[in-house]
Structure formats: structure tokens, C-alpha cells
$ cat protein30.cif   # mmCIF, C-alpha atoms
data_structure
#
loop_
_atom_site.group_PDB
_atom_site.id
_atom_site.type_symbol
_atom_site.label_atom_id
_atom_site.label_comp_id
_atom_site.auth_asym_id
_atom_site.auth_seq_id
_atom_site.Cartn_x
_atom_site.Cartn_y
_atom_site.Cartn_z
ATOM 1 C CA MET E 118 68.793 131.041 74.469
ATOM 2 C CA ALA E 119 72.318 131.870 73.332
ATOM 3 C CA THR E 120 72.366 133.250 69.803
ATOM 4 C CA PHE E 121 74.584 135.775 68.135
ATOM 5 C CA PHE E 122 73.545 138.337 65.613
ATOM 6 C CA GLY E 123 72.843 141.386 67.729
ATOM 7 C CA GLU E 124 69.633 139.948 69.105
ATOM 8 C CA VAL E 125 68.282 138.116 72.126
ATOM 9 C CA VAL E 126 65.994 135.117 71.718
ATOM 10 C CA ALA E 127 63.699 134.846 74.708
ATOM 11 C CA ALA E 128 63.339 131.552 76.487
ATOM 12 C CA PRO E 129 59.824 130.137 76.967
ATOM 13 C CA SER E 130 57.891 132.211 79.495
ATOM 14 C CA ARG E 131 55.705 131.088 82.366
ATOM 15 C CA ALA E 132 53.860 134.404 82.452
ATOM 16 C CA GLY E 133 50.611 134.203 84.375
ATOM 17 C CA VAL E 134 51.847 131.544 86.782
ATOM 18 C CA ASP E 135 51.934 132.726 90.372
ATOM 19 C CA GLU E 136 55.088 131.235 91.859
ATOM 20 C CA ASP E 137 53.840 131.994 95.385
ATOM 21 C CA ASP E 138 50.965 129.565 94.829
ATOM 22 C CA GLU E 139 53.377 126.751 94.094
ATOM 23 C CA GLU E 140 55.117 125.880 97.332
ATOM 24 C CA GLU E 141 57.996 123.531 96.669
ATOM 25 C CA ALA E 142 57.793 120.253 98.521
ATOM 26 C CA PRO E 143 60.934 119.316 100.530
ATOM 27 C CA GLU E 144 61.544 116.195 98.426
ATOM 28 C CA ASP E 145 61.187 118.245 95.212
ATOM 29 C CA ARG E 146 63.667 120.812 96.494
ATOM 30 C CA GLU E 147 66.122 118.056 97.403
ATOM 31 C CA ILE E 148 65.845 116.569 93.902
ATOM 32 C CA ARG E 149 66.257 119.997 92.295
ATOM 33 C CA LEU E 150 69.358 120.844 94.332
ATOM 34 C CA GLU E 151 70.877 117.444 93.613
ATOM 35 C CA LEU E 152 70.242 117.899 89.883
ATOM 36 C CA GLU E 153 71.764 121.404 89.953
ATOM 37 C CA LYS E 154 74.827 120.023 91.713
ATOM 38 C CA ARG E 155 75.114 117.235 89.173
ATOM 39 C CA ARG E 156 74.922 119.729 86.306
ATOM 40 C CA GLU E 157 77.792 121.867 87.609
ATOM 41 C CA VAL E 158 80.647 122.432 85.172
ATOM 42 C CA HIS E 159 84.077 121.575 86.576
ATOM 43 C CA ILE E 160 87.353 122.731 85.007
ATOM 44 C CA LEU E 161 90.191 120.412 85.996
ATOM 45 C CA TRP E 162 93.607 122.032 85.389
ATOM 46 C CA ASN E 163 96.859 120.148 85.795
ATOM 47 C CA ALA E 164 99.120 121.023 88.736
ATOM 48 C CA ALA E 165 101.568 123.190 86.769
ATOM 49 C CA PHE E 166 98.868 125.274 85.069
ATOM 50 C CA LYS E 167 96.948 125.700 88.317
ATOM 51 C CA ALA E 168 100.105 126.783 90.133
ATOM 52 C CA SER E 169 100.902 129.389 87.474
ATOM 53 C CA THR E 170 97.442 130.955 87.775
ATOM 54 C CA GLU E 171 97.516 130.942 91.566
ATOM 55 C CA SER E 172 100.903 132.667 91.581
ATOM 56 C CA SER E 173 99.514 135.732 89.777
ATOM 57 C CA SER E 174 97.863 138.495 91.760
ATOM 58 C CA ASP E 175 94.516 138.196 89.971
ATOM 59 C CA HIS E 176 94.683 134.391 89.536
ATOM 60 C CA GLN E 177 94.699 134.892 85.768
ATOM 61 C CA LEU E 178 97.285 134.079 83.118
ATOM 62 C CA PRO E 179 98.324 136.427 80.310
ATOM 63 C CA CYS E 180 96.609 135.058 77.208
ATOM 64 C CA SER E 181 97.178 136.327 73.669
ATOM 65 C CA LYS E 182 95.118 133.740 71.744
ATOM 66 C CA PHE E 183 92.331 131.344 72.604
ATOM 67 C CA ILE E 184 91.419 128.889 69.848
ATOM 68 C CA LEU E 185 88.212 126.882 70.304
ATOM 69 C CA GLY E 186 86.910 124.036 68.168
ATOM 70 C CA VAL E 187 83.306 122.996 68.879
ATOM 71 C CA GLY E 188 82.116 119.675 67.491
ATOM 72 C CA HIS E 189 83.964 116.647 66.151
ATOM 73 C CA ASN E 190 84.880 118.076 62.738
ATOM 74 C CA ALA E 191 86.160 121.387 64.134
ATOM 75 C CA ALA E 192 88.126 119.530 66.822
ATOM 76 C CA ALA E 193 89.593 117.211 64.177
ATOM 77 C CA PHE E 194 90.653 120.230 62.105
ATOM 78 C CA LEU E 195 92.557 121.664 65.065
ATOM 79 C CA SER E 196 94.098 118.259 65.809
ATOM 80 C CA SER E 197 95.303 117.722 62.263
ATOM 81 C CA PHE E 198 96.493 121.181 61.285
ATOM 82 C CA VAL E 199 97.372 122.971 64.538
ATOM 83 C CA LEU E 200 98.147 120.541 67.361
ATOM 84 C CA HIS E 201 100.171 118.216 65.116
ATOM 85 C CA SER E 202 102.218 121.048 63.617
ATOM 86 C CA GLY E 203 103.605 122.299 66.927
ATOM 87 C CA ASP E 204 104.451 121.274 70.469
ATOM 88 C CA TRP E 205 101.437 121.500 72.761
ATOM 89 C CA GLU E 206 100.815 120.261 76.277
ATOM 90 C CA ALA E 207 97.456 119.080 77.636
ATOM 91 C CA VAL E 208 96.741 121.313 80.644
ATOM 92 C CA GLY E 209 93.124 120.686 81.547
ATOM 93 C CA SER E 210 89.718 119.237 80.867
ATOM 94 C CA VAL E 211 86.053 119.946 81.510
ATOM 95 C CA LYS E 212 83.956 117.524 83.503
ATOM 96 C CA LEU E 213 80.215 117.890 83.001
ATOM 97 C CA TRP E 214 77.007 115.916 82.771
ATOM 98 C CA ASN E 215 73.701 116.570 81.056
ATOM 99 C CA GLU E 216 70.989 114.634 79.238
ATOM 100 C CA TRP E 217 73.032 114.454 76.025
ATOM 101 C CA CYS E 218 76.563 113.731 77.136
ATOM 102 C CA ARG E 219 78.912 112.907 79.972
ATOM 103 C CA THR E 220 82.616 113.716 80.105
ATOM 104 C CA SER E 221 85.375 112.596 82.427
ATOM 105 C CA SER E 222 88.741 113.941 83.541
ATOM 106 C CA THR E 223 90.745 111.687 81.207
ATOM 107 C CA THR E 224 92.806 113.166 78.388
ATOM 108 C CA SER E 225 93.037 109.815 76.533
ATOM 109 C CA VAL E 226 90.086 110.049 74.175
ATOM 110 C CA LEU E 227 88.926 108.743 70.801
ATOM 111 C CA PRO E 228 87.814 111.129 68.021
ATOM 112 C CA THR E 229 84.224 109.937 68.497
ATOM 113 C CA ASP E 230 84.177 110.506 72.272
ATOM 114 C CA SER E 231 82.522 113.450 74.003
ATOM 115 C CA PHE E 232 85.249 115.552 75.592
ATOM 116 C CA CYS E 233 86.477 119.059 76.286
ATOM 117 C CA LEU E 234 90.268 119.367 76.523
ATOM 118 C CA PHE E 235 92.628 122.333 76.868
ATOM 119 C CA TYR E 236 96.145 122.637 75.457
ATOM 120 C CA GLN E 237 98.916 125.201 75.980
ATOM 121 C CA LEU E 238 101.573 126.008 73.390
ATOM 122 C CA ILE E 239 104.921 125.098 74.941
ATOM 123 C CA SER E 240 106.909 127.747 73.044
ATOM 124 C CA ASP E 241 104.357 130.458 73.928
ATOM 125 C CA PRO E 242 102.314 129.721 77.085
ATOM 126 C CA THR E 243 100.012 132.677 76.334
ATOM 127 C CA VAL E 244 98.354 130.610 73.584
ATOM 128 C CA LEU E 245 95.564 128.244 74.646
ATOM 129 C CA LEU E 246 93.539 125.845 72.511
ATOM 130 C CA CYS E 247 90.365 123.957 73.389
ATOM 131 C CA GLN E 248 88.686 121.030 71.658
ATOM 132 C CA CYS E 249 85.075 120.687 72.789
ATOM 133 C CA THR E 250 83.082 117.846 71.252
ATOM 134 C CA CYS E 251 80.650 117.502 74.157
ATOM 135 C CA PHE E 252 77.301 119.271 74.247
ATOM 136 C CA VAL E 253 77.228 122.146 76.736
ATOM 137 C CA ALA E 254 73.592 122.645 77.683
ATOM 138 C CA GLU E 255 72.034 126.100 77.780
ATOM 139 C CA ASP E 256 71.985 126.224 81.585
ATOM 140 C CA GLN E 257 75.677 125.194 81.675
ATOM 141 C CA GLN E 258 77.043 127.690 79.140
ATOM 142 C CA PHE E 259 77.418 130.587 81.584
ATOM 143 C CA GLN E 260 79.355 128.354 83.996
ATOM 144 C CA TRP E 261 81.624 127.235 81.141
ATOM 145 C CA LEU E 262 82.283 130.815 80.055
ATOM 146 C CA GLU E 263 82.948 132.131 83.555
ATOM 147 C CA LYS E 264 85.299 129.300 84.508
ATOM 148 C CA VAL E 265 87.220 129.153 81.219
ATOM 149 C CA PHE E 266 87.612 132.884 80.594
ATOM 150 C CA GLY E 267 87.975 133.493 84.327
ATOM 151 C CA CYS E 268 91.526 132.135 84.208
ATOM 152 C CA MET E 269 92.569 134.432 81.338
ATOM 153 C CA GLN E 270 93.652 138.059 81.367
ATOM 154 C CA LYS E 271 91.440 139.717 78.783
ATOM 155 C CA THR E 272 93.838 142.519 77.827
ATOM 156 C CA GLY E 273 95.408 141.690 74.464
ATOM 157 C CA LEU E 274 93.322 138.529 74.069
ATOM 158 C CA GLN E 275 92.040 137.361 70.658
ATOM 159 C CA VAL E 276 89.561 134.522 70.225
ATOM 160 C CA ALA E 277 88.849 132.270 67.232
ATOM 161 C CA VAL E 278 85.992 129.751 67.273
ATOM 162 C CA PHE E 279 85.432 126.932 64.794
ATOM 163 C CA SER E 280 82.137 125.118 64.514
ATOM 164 C CA THR E 281 79.898 123.210 62.109
ATOM 165 C CA SER E 282 76.196 123.363 61.399
ATOM 166 C CA SER E 283 73.806 121.447 59.181
ATOM 167 C CA ILE E 284 73.319 122.988 55.758
ATOM 168 C CA THR E 285 69.578 122.691 56.361
ATOM 169 C CA ASP E 286 69.957 125.391 59.049
ATOM 170 C CA TYR E 287 71.297 127.879 56.503
ATOM 171 C CA LYS E 288 68.625 130.376 55.459
ATOM 172 C CA THR E 289 68.806 131.622 51.885
ATOM 173 C CA PRO E 290 66.296 132.692 49.202
ATOM 174 C CA GLU E 291 67.760 129.969 46.995
ATOM 175 C CA SER E 292 67.307 126.252 47.429
ATOM 176 C CA THR E 293 69.981 124.679 49.629
ATOM 177 C CA LEU E 294 70.263 122.027 46.900
ATOM 178 C CA MET E 295 71.968 124.690 44.772
ATOM 179 C CA LEU E 296 74.650 125.325 47.385
ATOM 180 C CA SER E 297 78.075 123.708 47.213
ATOM 181 C CA SER E 298 78.533 121.921 50.508
ATOM 182 C CA PRO E 299 80.502 122.339 52.710
ATOM 183 C CA PHE E 300 81.100 126.093 52.854
ATOM 184 C CA LEU E 301 82.395 128.583 55.423
ATOM 185 C CA LYS E 302 80.757 131.686 56.867
ATOM 186 C CA ALA E 303 82.155 134.073 59.483
ATOM 187 C CA LEU E 304 80.769 136.130 62.353
ATOM 188 C CA LYS E 305 82.883 138.584 64.332
ATOM 189 C CA THR E 306 82.642 140.925 67.269
ATOM 190 C CA LYS E 307 82.885 144.685 66.887
ATOM 191 C CA ARG E 308 86.473 144.697 68.178
ATOM 192 C CA PHE E 309 87.737 142.156 65.649
ATOM 193 C CA LYS E 310 89.522 144.192 62.952
ATOM 194 C CA ASP E 311 91.512 141.536 61.040
ATOM 195 C CA ASN E 312 90.408 140.298 57.644
ATOM 196 C CA VAL E 313 88.197 137.212 57.649
ATOM 197 C CA CYS E 314 88.898 134.284 55.341
ATOM 198 C CA CYS E 315 85.382 133.916 53.942
ATOM 199 C CA SER E 316 82.195 135.902 53.497
ATOM 200 C CA LEU E 317 80.260 137.036 56.565
ATOM 201 C CA LEU E 318 77.143 135.210 57.695
ATOM 202 C CA GLU E 319 74.078 136.968 56.366
ATOM 203 C CA GLN E 320 70.933 137.728 58.326
ATOM 204 C CA PRO E 321 68.609 136.144 59.344
ATOM 205 C CA ASN E 322 71.157 133.354 59.969
ATOM 206 C CA ILE E 323 72.463 133.134 63.513
ATOM 207 C CA ALA E 324 74.997 131.150 65.509
ATOM 208 C CA ARG E 325 73.723 128.917 68.279
ATOM 209 C CA ASP E 326 74.761 127.072 71.423
ATOM 210 C CA LEU E 327 78.316 127.362 72.801
ATOM 211 C CA PRO E 328 79.840 129.205 69.767
ATOM 212 C CA ALA E 329 77.144 131.870 70.068
ATOM 213 C CA ALA E 330 77.635 132.096 73.829
ATOM 214 C CA VAL E 331 81.394 132.605 73.399
ATOM 215 C CA LEU E 332 80.910 135.285 70.748
ATOM 216 C CA SER E 333 78.295 137.082 72.873
ATOM 217 C CA TYR E 334 80.626 136.961 75.896
ATOM 218 C CA CYS E 335 83.458 138.449 73.833
ATOM 219 C CA GLN E 336 81.171 141.162 72.493
ATOM 220 C CA VAL E 337 80.192 142.179 76.043
ATOM 221 C CA TRP E 338 83.814 142.116 77.275
ATOM 222 C CA GLN E 339 85.055 143.866 74.106
ATOM 223 C CA ILE E 340 87.337 140.995 73.151
ATOM 224 C CA PRO E 341 88.240 140.667 69.451
ATOM 225 C CA ALA E 342 86.681 137.378 68.371
ATOM 226 C CA VAL E 343 85.676 135.610 65.171
ATOM 227 C CA LEU E 344 83.572 132.529 64.534
ATOM 228 C CA TYR E 345 84.158 130.380 61.451
ATOM 229 C CA GLN E 346 81.081 128.247 60.918
ATOM 230 C CA CYS E 347 81.114 125.460 58.361
ATOM 231 C CA TYR E 348 77.781 124.456 56.851
ATOM 232 C CA THR E 349 77.833 120.830 55.806
ATOM 233 C CA ASP E 350 75.585 117.917 54.933
ATOM 234 C CA ALA E 351 77.818 115.493 56.855
ATOM 235 C CA ILE E 352 76.533 114.317 60.227
ATOM 236 C CA LYS E 353 79.712 112.510 61.328
ATOM 237 C CA LEU E 354 83.468 113.028 61.146
ATOM 238 C CA ASP E 355 84.134 113.894 57.512
ATOM 239 C CA ILE E 356 87.412 114.718 55.710
ATOM 240 C CA VAL E 357 85.790 117.113 53.226
ATOM 241 C CA THR E 358 84.139 119.057 56.053
ATOM 242 C CA ILE E 359 87.376 119.173 58.049
ATOM 243 C CA GLU E 360 89.331 120.472 55.060
ATOM 244 C CA ALA E 361 86.732 123.205 54.467
ATOM 245 C CA PHE E 362 88.381 125.075 57.359
ATOM 246 C CA LYS E 363 91.777 125.116 55.593
ATOM 247 C CA PRO E 364 91.463 128.707 54.233
ATOM 248 C CA VAL E 365 91.659 129.907 57.850
ATOM 249 C CA LEU E 366 95.183 128.498 58.180
ATOM 250 C CA SER E 367 96.460 131.661 56.464
ATOM 251 C CA SER E 368 94.637 133.958 58.906
ATOM 252 C CA LYS E 369 96.608 136.161 61.250
ATOM 253 C CA ILE E 370 95.434 134.296 64.344
ATOM 254 C CA LEU E 371 96.433 130.833 63.038
ATOM 255 C CA SER E 372 99.296 131.384 60.593
ATOM 256 C CA SER E 373 101.929 131.729 63.321
ATOM 257 C CA LEU E 374 100.742 128.475 64.944
ATOM 258 C CA VAL E 375 100.843 126.311 61.829
ATOM 259 C CA LYS E 376 104.491 125.421 61.241
ATOM 260 C CA ASN E 377 104.317 122.106 59.432
ATOM 261 C CA THR E 378 101.261 120.475 57.852
ATOM 262 C CA SER E 379 103.110 117.649 56.109
ATOM 263 C CA ARG E 380 101.568 115.095 58.491
ATOM 264 C CA SER E 381 98.066 116.565 58.395
ATOM 265 C CA THR E 382 96.737 114.273 55.660
ATOM 266 C CA GLU E 383 98.105 111.245 57.494
ATOM 267 C CA THR E 384 96.514 112.434 60.739
ATOM 268 C CA LEU E 385 93.153 112.959 59.017
ATOM 269 C CA ALA E 386 93.291 109.467 57.559
ATOM 270 C CA LYS E 387 93.938 107.997 61.006
ATOM 271 C CA LEU E 388 91.062 109.977 62.528
ATOM 272 C CA THR E 389 88.536 108.847 59.929
ATOM 273 C CA THR E 390 89.793 105.262 60.053
ATOM 274 C CA THR E 391 89.282 105.232 63.826
ATOM 275 C CA THR E 392 85.767 106.581 63.307
ATOM 276 C CA GLU E 393 84.890 103.947 60.704
ATOM 277 C CA ILE E 394 86.123 101.147 62.993
ATOM 278 C CA ASN E 395 84.050 102.442 65.900
ATOM 279 C CA ASN E 396 80.955 102.865 63.701
ATOM 280 C CA ILE E 397 80.958 99.112 63.018
ATOM 281 C CA TYR E 398 79.893 98.608 66.617
ATOM 282 C CA THR E 399 77.318 101.405 66.784
#
$ encode --input "protein30.cif" --output "C-alpha cells"
Amino acid sequence: MATFFGEVVAAPSRAGVDEDDEEEAPEDREIRLELEKRREVHILWNAAFKASTESSSDHQLPCSKFILGVGHNAAAFLSSFVLHSGDWEAVGSVKLWNEWCRTSSTTSVLPTDSFCLFYQLISDPTVLLCQCTCFVAEDQQFQWLEKVFGCMQKTGLQVAVFSTSSITDYKTPESTLMLSSPFLKALKTKRFKDNVCCSLLEQPNIARDLPAAVLSYCQVWQIPAVLYQCYTDAIKLDIVTIEAFKPVLSSKILSSLVKNTSRSTETLAKLTTTTEINNIYT
């Protein structure tokens, strides 16, 4: 299981089961292989981006910053305060399937959809941004990491991850009822030397799922990376939760990307209005 706080959480073990005694039937093997094929993660880059990677000797692009928002509120924060304050181009998407979600290759999505889209800053093509609102299952995380980071040169790369978690997951000696929700906590790799914009996440709290997998990958590859995790009591797209990330706008990794936030409030209003309209039919 992917976690991040200097520890490894073991997956359930089948110790004591002799695999040699369980010969796989041909029809079972066919089903298993078909399911594995269906669960493959596909990165679909546009023609220009693909051509630029293929023209390099190592099939990798120079990349100075990779910004990742995981979950609807983190993705909405990046939409409102980063994407809408600069000129970005959609360059790719992730196509995957699992028991919890299904994505397609389209880049025309609603805020409530499950998607994973990549953008490139037009004025500085070494800056990439990803909004990932779909669930990447545990057995798909390694594929996602290898295929996404496989197109980036890791020298000089910095990574920032934004994610949300339920306040009930936050472990503290005090009652969570005494906490002011939402609030930010940060986790960083050993190589990340910049100041963080909030207090660090205390043990025994850990990051989970794709944010933890990304941070663990960066730790292994010695890439400076930071995770900003927002603990909230909101379960859907929420303005207060989105705005809880605002202190990070002054960070070194984001400040140069945020040129104009005058339209951010208007963008947030549109996002939440779209969500409310769609919730009428759910």
C-alpha cells in the first residue's frame, strides 16, 4: 500500500498458501489477463507534445516544475488560481478503468467528472500541470508514475502535490471537533529545501493513495517534492476547502505562475454553480 512517512505498509499476505497446489485453469488465466489488460493505464499525449519528446535523445522533455492536483477540490484550486491566471495548453490525458472510475480521452470535462488532464505553460514549456480527479487504484499507481514521470527529465525538476483528506482521518490527541476545518498540512521529501506554507504533518499521520505514491517516487529518485494536504469536513466541491490552499500561492514553486487572480472568485463561483446544478440530478 502506498503511504508516505518513512514507512512501508504491507499488503495482506497469503502466507501458508502453496501456489504450486493451485494450478490456474485456462479460463481463469484468460479472465485474469483480460482484466490486467483492461486495467492498464494509458497516457494520451497530443501530437505536438509527443513529437517534442520523440525528438529528444532520451525521449524526455526538460521539466522544471510539475504541479499535481489530486481530487476535485485540489483540481478546482489549480483551475481557479493557476490555469486561469496564465496561458496553458492541454497536452494530454490519462485513460484508465477500475472498479471506482472510468476516464476517457476527452479534454471537455465538467468539474464533477472523473478525469486526469495535463497542461503545459505556453510561455515556459518546462512547466507541466496535472489535474487528477479520478481514482488511481493501488495496482495502477506504479504504471501512472512510470508513464507520467517517464516523459520528464528529472534533473532540475521540482514537484508540488495538492490533495484533500477527511478531517476524520487526522490523528491528534485532541478531539477533531476542536479543530478549525479546513486546514493545511505539508509533507516533503529530503531534497525539498524551500520553506513550506504551513506546519508539517505530524506522525502518526500519513499520506495515502496517489499523493503518497508520487512523494515516495520523488524520495527514491531524489526529486525535491512537497505535498500540501487539506483536511476538511466537506465531501464535495467546496469553496472554503478550495480557498484553504491559497497560502501556497506565495510559495516559490507557484508564485511565478500566478500572474492575475482577479477572475479567480468568478471562476470558483462558476465551478460550484455547475456542481450544484449537476447534484440536482444525482
$ axis_aligned_box --input "protein30.cif" --around "segment 274-283 of chain E" --padding-each-side "6 Å" --output "lines of an AutoDock Vina configuration file"
center_x = 83.6
center_y = 130.0
center_z = 66.6
size_x = 31.5
size_y = 29.1
size_z = 26.9
$ atom_distance --input "protein30.cif" --atom1 "atom CA of Cys251 of chain E" --atom2 "atom CA of Cys218 of chain E"
6.3 Å
$ resolve_selection --input "protein30.cif" --expression "the PyMOL selection byres ((chain E and resi 256) around 12)" --output "ChimeraX atom specification"
/E:118-119,128,152-153,156-158,213-216,252-255,257-262,326-327,330
$ resolve_selection --input "protein30.cif" --expression "the PyMOL selection byres ((chain E and resi 233) around 12)" --output "ChimeraX atom specification"
/E:158-162,185-189,192,207-214,218-228,230-232,234-236,246-253,261,265
$ atom_distance --input "protein30.cif" --atom1 "atom CA of Gln346 of chain E" --atom2 "atom CA of Leu317 of chain E"
9.8 Å
$ residues_around --input "protein30.cif" --residues "Ile340 of chain E" --least-positions-apart "5" --cutoff "9 Å" --atoms "all atoms listed in the file" --output "list of chain:residue names"
E:Lys271, E:Thr272, E:Gly273, E:Leu274, E:Gln275, E:Val276, E:Thr306, E:Lys307, E:Arg308, E:Phe309, E:Leu332, E:Tyr334, E:Cys335
$ closest_residue --input "protein30.cif" --among "E:Ala191, E:Cys268, E:Leu296, E:Val199" --to "Thr170 of chain E" --atoms "only C-alpha atoms"
E:Cys268
$ resolve_selection --input "protein30.cif" --expression "the PyMOL selection byres ((chain E and resi 347) around 6)" --output "MDAnalysis selection string"
chainID E and resid 281 300:301 346 348
$ closest_residue --input "protein30.cif" --among "E:Ala168, E:Leu318, E:Asp204, E:Ala193" --to "Asp355 of chain E" --atoms "only C-alpha atoms"
E:Ala193
$ atom_distance --input "protein30.cif" --atom1 "atom CA of Pro179 of chain E" --atom2 "atom CA of Cys315 of chain E"
29.5 Å
$ closest_residue --input "protein30.cif" --among "E:Phe194, E:Ser173, E:Gly203, E:Asp145" --to "Ser373 of chain E" --atoms "all atoms listed in the file"
E:Gly203
$ residues_near_point --input "protein30.cif" --point "(69.1, 121.9, 56.4)" --cutoff "10 Å" --atoms "only C-alpha atoms" --output "list in words"
Ser282, Ser283, Ile284, Thr285, Asp286, Tyr287, Lys288, Thr293, Leu294, Tyr348, Thr349 and Asp350 of chain E
$ closest_residue --input "protein30.cif" --among "E:Leu374, E:Met295, E:Val357, E:Ala351" --to "Phe183 of chain E" --atoms "only C-alpha atoms"
E:Leu374
$ decode --input "protein30.cif" --residues "segment 140-158 of chain E" --atoms "N, CA, C and O atoms" --output "PDB file, in the first residue's frame"
ATOM      1  N   GLU E 140      -3.210 -24.821  -9.429  1.00  0.00           N
ATOM      2  CA  GLU E 140      -2.977 -24.689 -10.862  1.00  0.00           C
ATOM      3  C   GLU E 140      -4.096 -23.860 -11.474  1.00  0.00           C
ATOM      4  O   GLU E 140      -5.282 -24.157 -11.284  1.00  0.00           O
ATOM      5  N   GLU E 141      -3.702 -22.831 -12.208  1.00  0.00           N
ATOM      6  CA  GLU E 141      -4.680 -21.921 -12.781  1.00  0.00           C
ATOM      7  C   GLU E 141      -5.343 -22.550 -13.998  1.00  0.00           C
ATOM      8  O   GLU E 141      -4.671 -23.014 -14.918  1.00  0.00           O
ATOM      9  N   ALA E 142      -6.666 -22.545 -13.967  1.00  0.00           N
ATOM     10  CA  ALA E 142      -7.419 -23.085 -15.097  1.00  0.00           C
ATOM     11  C   ALA E 142      -7.273 -22.147 -16.296  1.00  0.00           C
ATOM     12  O   ALA E 142      -7.126 -20.938 -16.132  1.00  0.00           O
ATOM     13  N   PRO E 143      -7.290 -22.680 -17.523  1.00  0.00           N
ATOM     14  CA  PRO E 143      -7.130 -21.841 -18.723  1.00  0.00           C
ATOM     15  C   PRO E 143      -8.135 -20.701 -18.787  1.00  0.00           C
ATOM     16  O   PRO E 143      -7.781 -19.582 -19.161  1.00  0.00           O
ATOM     17  N   GLU E 144      -9.413 -20.970 -18.428  1.00  0.00           N
ATOM     18  CA  GLU E 144     -10.411 -19.913 -18.492  1.00  0.00           C
ATOM     19  C   GLU E 144     -10.155 -18.838 -17.434  1.00  0.00           C
ATOM     20  O   GLU E 144     -10.386 -17.651 -17.676  1.00  0.00           O
ATOM     21  N   ASP E 145      -9.607 -19.255 -16.264  1.00  0.00           N
ATOM     22  CA  ASP E 145      -9.269 -18.282 -15.221  1.00  0.00           C
ATOM     23  C   ASP E 145      -8.103 -17.411 -15.665  1.00  0.00           C
ATOM     24  O   ASP E 145      -8.089 -16.198 -15.401  1.00  0.00           O
ATOM     25  N   ARG E 146      -7.129 -18.017 -16.314  1.00  0.00           N
ATOM     26  CA  ARG E 146      -5.977 -17.261 -16.804  1.00  0.00           C
ATOM     27  C   ARG E 146      -6.411 -16.252 -17.865  1.00  0.00           C
ATOM     28  O   ARG E 146      -5.961 -15.109 -17.883  1.00  0.00           O
ATOM     29  N   GLU E 147      -7.315 -16.670 -18.746  1.00  0.00           N
ATOM     30  CA  GLU E 147      -7.814 -15.785 -19.787  1.00  0.00           C
ATOM     31  C   GLU E 147      -8.545 -14.582 -19.188  1.00  0.00           C
ATOM     32  O   GLU E 147      -8.346 -13.445 -19.631  1.00  0.00           O
ATOM     33  N   ILE E 148      -9.344 -14.837 -18.151  1.00  0.00           N
ATOM     34  CA  ILE E 148     -10.065 -13.753 -17.474  1.00  0.00           C
ATOM     35  C   ILE E 148      -9.087 -12.812 -16.787  1.00  0.00           C
ATOM     36  O   ILE E 148      -9.227 -11.583 -16.848  1.00  0.00           O
ATOM     37  N   ARG E 149      -8.063 -13.407 -16.126  1.00  0.00           N
ATOM     38  CA  ARG E 149      -7.081 -12.585 -15.416  1.00  0.00           C
ATOM     39  C   ARG E 149      -6.312 -11.687 -16.375  1.00  0.00           C
ATOM     40  O   ARG E 149      -6.107 -10.492 -16.116  1.00  0.00           O
ATOM     41  N   LEU E 150      -5.867 -12.255 -17.494  1.00  0.00           N
ATOM     42  CA  LEU E 150      -5.105 -11.470 -18.471  1.00  0.00           C
ATOM     43  C   LEU E 150      -5.965 -10.373 -19.094  1.00  0.00           C
ATOM     44  O   LEU E 150      -5.492  -9.261 -19.340  1.00  0.00           O
ATOM     45  N   GLU E 151      -7.226 -10.682 -19.339  1.00  0.00           N
ATOM     46  CA  GLU E 151      -8.132  -9.683 -19.896  1.00  0.00           C
ATOM     47  C   GLU E 151      -8.358  -8.548 -18.903  1.00  0.00           C
ATOM     48  O   GLU E 151      -8.396  -7.368 -19.285  1.00  0.00           O
ATOM     49  N   LEU E 152      -8.481  -8.899 -17.618  1.00  0.00           N
ATOM     50  CA  LEU E 152      -8.678  -7.876 -16.585  1.00  0.00           C
ATOM     51  C   LEU E 152      -7.429  -7.013 -16.436  1.00  0.00           C
ATOM     52  O   LEU E 152      -7.526  -5.793 -16.295  1.00  0.00           O
ATOM     53  N   GLU E 153      -6.244  -7.646 -16.486  1.00  0.00           N
ATOM     54  CA  GLU E 153      -4.991  -6.889 -16.404  1.00  0.00           C
ATOM     55  C   GLU E 153      -4.867  -5.921 -17.575  1.00  0.00           C
ATOM     56  O   GLU E 153      -4.435  -4.777 -17.408  1.00  0.00           O
ATOM     57  N   LYS E 154      -5.254  -6.388 -18.761  1.00  0.00           N
ATOM     58  CA  LYS E 154      -5.195  -5.530 -19.940  1.00  0.00           C
ATOM     59  C   LYS E 154      -6.158  -4.359 -19.800  1.00  0.00           C
ATOM     60  O   LYS E 154      -5.838  -3.220 -20.157  1.00  0.00           O
ATOM     61  N   ARG E 155      -7.335  -4.646 -19.244  1.00  0.00           N
ATOM     62  CA  ARG E 155      -8.333  -3.598 -19.089  1.00  0.00           C
ATOM     63  C   ARG E 155      -7.898  -2.553 -18.065  1.00  0.00           C
ATOM     64  O   ARG E 155      -8.274  -1.395 -18.149  1.00  0.00           O
ATOM     65  N   ARG E 156      -7.092  -2.976 -17.096  1.00  0.00           N
ATOM     66  CA  ARG E 156      -6.655  -2.075 -16.033  1.00  0.00           C
ATOM     67  C   ARG E 156      -5.352  -1.342 -16.362  1.00  0.00           C
ATOM     68  O   ARG E 156      -4.788  -0.667 -15.503  1.00  0.00           O
ATOM     69  N   GLU E 157      -4.880  -1.476 -17.599  1.00  0.00           N
ATOM     70  CA  GLU E 157      -3.673  -0.742 -17.993  1.00  0.00           C
ATOM     71  C   GLU E 157      -3.949   0.759 -18.001  1.00  0.00           C
ATOM     72  O   GLU E 157      -5.046   1.211 -18.337  1.00  0.00           O
ATOM     73  N   VAL E 158      -2.932   1.523 -17.631  1.00  0.00           N
ATOM     74  CA  VAL E 158      -3.018   2.980 -17.641  1.00  0.00           C
ATOM     75  C   VAL E 158      -2.419   3.493 -18.939  1.00  0.00           C
ATOM     76  O   VAL E 158      -1.280   3.155 -19.284  1.00  0.00           O
TER      77      VAL E 158
END
